[in-house]
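Source file: data.cif; contents: mmCIF, C-alpha atoms.
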```cif
data_start
loop_
_atom_site.group_PDB
_atom_site.id
_atom_site.type_symbol
_atom_site.label_atom_id
_atom_site.label_comp_id
_atom_site.auth_asym_id
_atom_site.auth_seq_id
_atom_site.Cartn_x
_atom_site.Cartn_y
_atom_site.Cartn_z
ATOM 1 C CA MET A 1 -3.889 -7.263 -0.794
ATOM 2 C CA LYS A 2 -2.898 -10.218 -2.882
ATOM 3 C CA LEU A 3 -1.330 -13.335 -1.384
ATOM 4 C CA ARG A 4 0.810 -15.853 -3.218
ATOM 5 C CA LEU A 5 2.193 -18.960 -1.554
ATOM 6 C CA GLN A 6 4.638 -20.930 -3.679
ATOM 7 C CA SER A 7 7.796 -23.020 -3.204
ATOM 8 C CA ASN A 8 8.389 -22.037 0.414
ATOM 9 C CA SER A 9 7.737 -18.371 -0.208
ATOM 10 C CA ILE A 10 5.149 -15.834 0.874
ATOM 11 C CA ARG A 11 4.469 -12.889 -1.404
ATOM 12 C CA LEU A 12 2.105 -10.017 -0.612
ATOM 13 C CA ARG A 13 1.166 -7.262 -3.062
ATOM 14 C CA LEU A 14 -0.538 -4.121 -1.818
ATOM 15 C CA LYS A 15 -2.545 -1.546 -3.763
ATOM 16 C CA ARG A 16 -2.147 2.188 -3.084
ATOM 17 C CA SER A 17 -4.944 2.455 -0.520
ATOM 18 C CA GLU A 18 -3.580 -0.596 1.308
ATOM 19 C CA VAL A 19 -0.086 0.916 1.464
ATOM 20 C CA ASP A 20 -1.685 4.117 2.844
ATOM 21 C CA ARG A 21 -3.600 2.108 5.464
ATOM 22 C CA PHE A 22 -0.455 0.166 6.345
ATOM 23 C CA LEU A 23 1.394 3.460 6.793
ATOM 24 C CA ARG A 24 -1.350 4.882 9.042
ATOM 25 C CA THR A 25 -2.164 1.819 11.150
ATOM 26 C CA GLY A 26 0.824 -0.510 10.859
ATOM 27 C CA ARG A 27 -1.288 -3.373 9.540
ATOM 28 C CA VAL A 28 -3.391 -4.644 6.658
ATOM 29 C CA GLU A 29 -5.491 -7.793 6.897
ATOM 30 C CA GLU A 30 -7.639 -9.766 4.494
ATOM 31 C CA LYS A 31 -9.932 -12.710 5.154
ATOM 32 C CA ILE A 32 -11.263 -15.468 2.937
ATOM 33 C CA LEU A 33 -14.556 -17.013 4.082
ATOM 34 C CA SER A 34 -15.780 -20.401 2.923
ATOM 35 C CA GLY A 35 -18.516 -20.751 5.534
ATOM 36 C CA THR A 36 -19.805 -19.206 8.747
ATOM 37 C CA GLY A 37 -17.614 -20.959 11.334
ATOM 38 C CA ASP A 38 -14.202 -19.852 12.574
ATOM 39 C CA GLN A 39 -12.676 -22.981 11.034
ATOM 40 C CA GLU A 40 -14.052 -21.904 7.653
ATOM 41 C CA SER A 41 -11.965 -18.770 7.290
ATOM 42 C CA PHE A 42 -8.401 -18.012 6.340
ATOM 43 C CA HIS A 43 -6.730 -14.685 7.071
ATOM 44 C CA TYR A 44 -3.536 -13.070 5.938
ATOM 45 C CA LEU A 45 -2.011 -10.177 7.789
ATOM 46 C CA LEU A 46 0.877 -7.790 7.202
ATOM 47 C CA GLU A 47 2.004 -5.780 10.197
ATOM 48 C CA THR A 48 4.904 -3.723 11.433
ATOM 49 C CA ASN A 49 6.812 -4.873 14.487
ATOM 50 C CA ASP A 50 9.670 -3.040 16.223
ATOM 51 C CA ALA A 51 10.852 -6.347 17.708
ATOM 52 C CA VAL A 52 11.819 -7.918 14.356
ATOM 53 C CA SER A 53 15.005 -7.000 12.506
ATOM 54 C CA ALA A 54 14.016 -8.625 9.186
ATOM 55 C CA PRO A 55 10.793 -9.817 7.556
ATOM 56 C CA LYS A 56 9.275 -12.725 9.472
ATOM 57 C CA GLY A 57 6.483 -15.086 8.464
ATOM 58 C CA ALA A 58 4.300 -17.437 10.459
ATOM 59 C CA ILE A 59 1.752 -19.890 9.113
ATOM 60 C CA SER A 60 -1.057 -21.387 11.148
ATOM 61 C CA PRO A 61 -4.081 -23.482 10.162
ATOM 62 C CA GLY A 62 -6.142 -20.278 10.049
ATOM 63 C CA GLY A 63 -3.800 -17.985 8.209
ATOM 64 C CA VAL A 64 -0.511 -16.295 7.466
ATOM 65 C CA VAL A 65 1.131 -13.437 9.364
ATOM 66 C CA VAL A 66 4.017 -11.427 7.938
ATOM 67 C CA GLN A 67 5.830 -8.952 10.142
ATOM 68 C CA VAL A 68 8.309 -6.357 8.898
ATOM 69 C CA PRO A 69 10.509 -3.934 10.821
ATOM 70 C CA THR A 70 8.763 -0.592 11.267
ATOM 71 C CA ALA A 71 11.684 1.408 9.812
ATOM 72 C CA ASP A 72 11.735 -0.786 6.682
ATOM 73 C CA ALA A 73 7.968 -0.423 6.302
ATOM 74 C CA LEU A 74 8.123 3.374 6.541
ATOM 75 C CA LYS A 75 10.941 3.630 4.000
ATOM 76 C CA TRP A 76 9.088 1.325 1.595
ATOM 77 C CA ALA A 77 5.734 3.112 1.947
ATOM 78 C CA LEU A 78 7.136 6.630 1.643
ATOM 79 C CA THR A 79 9.564 6.141 -1.256
ATOM 80 C CA ASN A 80 9.689 4.594 -4.728
ATOM 81 C CA GLN A 81 11.082 1.406 -3.225
ATOM 82 C CA ILE A 82 9.185 -1.465 -4.838
ATOM 83 C CA GLY A 83 9.446 -4.123 -2.165
ATOM 84 C CA ILE A 84 10.704 -5.463 1.121
ATOM 85 C CA GLU A 85 12.237 -8.908 0.978
ATOM 86 C CA GLY A 86 13.927 -11.318 3.311
ATOM 87 C CA GLU A 87 14.868 -14.922 3.970
ATOM 88 C CA GLN A 88 13.827 -16.565 7.208
ATOM 89 C CA ALA A 89 16.018 -19.532 8.112
ATOM 90 C CA ILE A 90 14.054 -22.674 8.930
ATOM 91 C CA ASP A 91 16.981 -25.070 9.322
ATOM 92 C CA SER A 92 20.462 -25.434 7.839
ATOM 93 C CA LYS A 93 19.063 -26.269 4.381
ATOM 94 C CA THR A 94 15.685 -24.540 4.250
ATOM 95 C CA SER A 95 14.494 -20.955 4.352
ATOM 96 C CA LEU A 96 11.222 -19.125 3.875
ATOM 97 C CA ARG A 97 11.396 -16.331 1.307
ATOM 98 C CA ILE A 98 9.242 -13.320 2.159
ATOM 99 C CA LEU A 99 8.392 -10.557 -0.296
ATOM 100 C CA VAL A 100 6.109 -7.549 0.208
ATOM 101 C CA GLU A 101 5.553 -5.449 -2.917
ATOM 102 C CA LYS A 102 3.599 -2.530 -4.253
ATOM 103 C CA ASP A 103 1.006 -3.752 -6.766
ATOM 104 C CA PHE A 104 1.698 -2.258 -10.202
ATOM 105 C CA ALA A 105 -0.845 -1.886 -12.970
ATOM 106 C CA CYS A 106 -0.832 -4.733 -15.498
ATOM 107 C CA LEU A 107 0.231 -3.494 -18.913
ATOM 108 C CA ASP A 108 -2.593 -5.403 -20.578
ATOM 109 C CA GLY A 109 -5.086 -5.155 -17.709
ATOM 110 C CA SER A 110 -8.451 -3.461 -17.826
ATOM 111 C CA GLU A 111 -9.202 -0.225 -15.984
ATOM 112 C CA GLU A 112 -11.118 -2.252 -13.415
ATOM 113 C CA GLN A 113 -8.236 -4.678 -12.902
ATOM 114 C CA ASN A 114 -5.783 -1.798 -12.529
ATOM 115 C CA ALA A 115 -7.896 0.288 -10.155
ATOM 116 C CA ASP A 116 -5.917 1.596 -7.164
ATOM 117 C CA THR A 117 -2.611 0.144 -8.414
ATOM 118 C CA PHE A 118 0.713 1.927 -8.695
ATOM 119 C CA PRO A 119 1.743 3.149 -12.162
ATOM 120 C CA ASN A 120 3.723 0.485 -13.974
ATOM 121 C CA PRO A 121 7.266 1.742 -14.658
ATOM 122 C CA LEU A 122 7.222 -0.137 -17.990
ATOM 123 C CA THR A 123 4.164 1.687 -19.349
ATOM 124 C CA GLY A 124 4.845 2.991 -22.832
ATOM 125 C CA GLN A 125 7.959 0.906 -23.401
ATOM 126 C CA LYS A 126 8.177 -1.441 -26.351
ATOM 127 C CA CYS A 127 9.113 -5.072 -25.897
#
```

Just give me the structure as structure tokens.
Amino acid sequence: MKLRLQSNSIRLRLKRSEVDRFLRTGRVEEKILSGTGDQESFHYLLETNDAVSAPKGAISPGGVVVQVPTADALKWALTNQIGIEGEQAIDSKTSLRILVEKDFACLDGSEEQNADTFPNPLTGQKC
């Protein structure tokens, strides 16, 4: 799973096997280690939650958690739907944009880079 944090947005991209795992277990988690202590790790987690009605994100010193409604997750995982997106209001002027996407093969990527990705719908098209 890839994580991108930019301009008050959280974006997660999942490969095929990760979407399958998410479908089976309701969660996918990754961890980045920079040392051996608990304070030297950062995790990011995507999980389903029946209690949320729209994508929800939470950031802590140790990581990022994104929750999506179970029904939305099932529809996304079982269809050709590319992503789940939402806006989480922070205050009257600020919101957190949340996007969960299937990871498509890069058109100019190597076989190794494109392993386990979804077929790119633009493959074979000319610019």

Take the PyMOL selection byres ((chain A and resi 58) around 12), apply it to the structure above, and return the hits as an MDAnalysis selection string.
-> chainID A and resid 8:10 43:47 55:57 59:68 88 90 96:98

Calculate how many Å separate atom CA of A:Ala89 from atom CA of A:Ile32, rounding to one decimal.
-> 28.1 Å

Give the answer as one residue: which of A:Ala73, A:Asp91, A:Gly37, A:Thr117 has the shortest atom-to-atom distance to A:Ala105, using only C-alpha atoms?
->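 Nearest to A:Ala105: A:Thr117.
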
Name all residues at most 8 Å from A:Ile84 (count all atoms listed in the file; drop same-chain ones fewer than 6 positions away) and give them as JSON, numbers by chain.
-> {"A": [55, 72, 73, 76, 99, 100, 101]}

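Shortest separation to A:Ala71 among A:Glu30, A:Arg16, A:Asp116, A:Leu23 occurs at residue A:Leu23, atoms counted being only C-alpha atoms.
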
Which value, in Å to one decimal, gives the distance between atom CA of A:Asn114 and atom CA of A:Lys102?
-> 12.5 Å

Mind giving me the straight-line distance from atom CA of A:Pro69 to atom CA of A:Phe22 in Å, one decimal?
->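 Computing it gives 12.5 Å between the two atoms.
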
Option closest in space to A:Arg27, from A:Val52, A:Met1, A:Gln113, A:Gln6 [counting only C-alpha atoms] |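 Nearest to A:Arg27: A:Met1.
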
Starting from the shown file, work through the PyMOL selection byres ((chain A and resi 82) around 12) and note down what comes out as a list in words.
-> Leu12, Arg13, Leu14, Lys15, Val19, Asp72, Ala73, Lys75, Trp76, Ala77, Leu78, Thr79, Asn80, Gln81, Gly83, Ile84, Glu85, Leu99, Val100, Glu101, Lys102, Asp103, Phe104, Phe118, Pro119, Asn120 and Pro121 of chain A

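Among the candidates A:Glu112, A:Glu87, A:Asp50, A:Glu29, the one nearest to A:Leu74 when counting only C-alpha atoms is A:Asp50.
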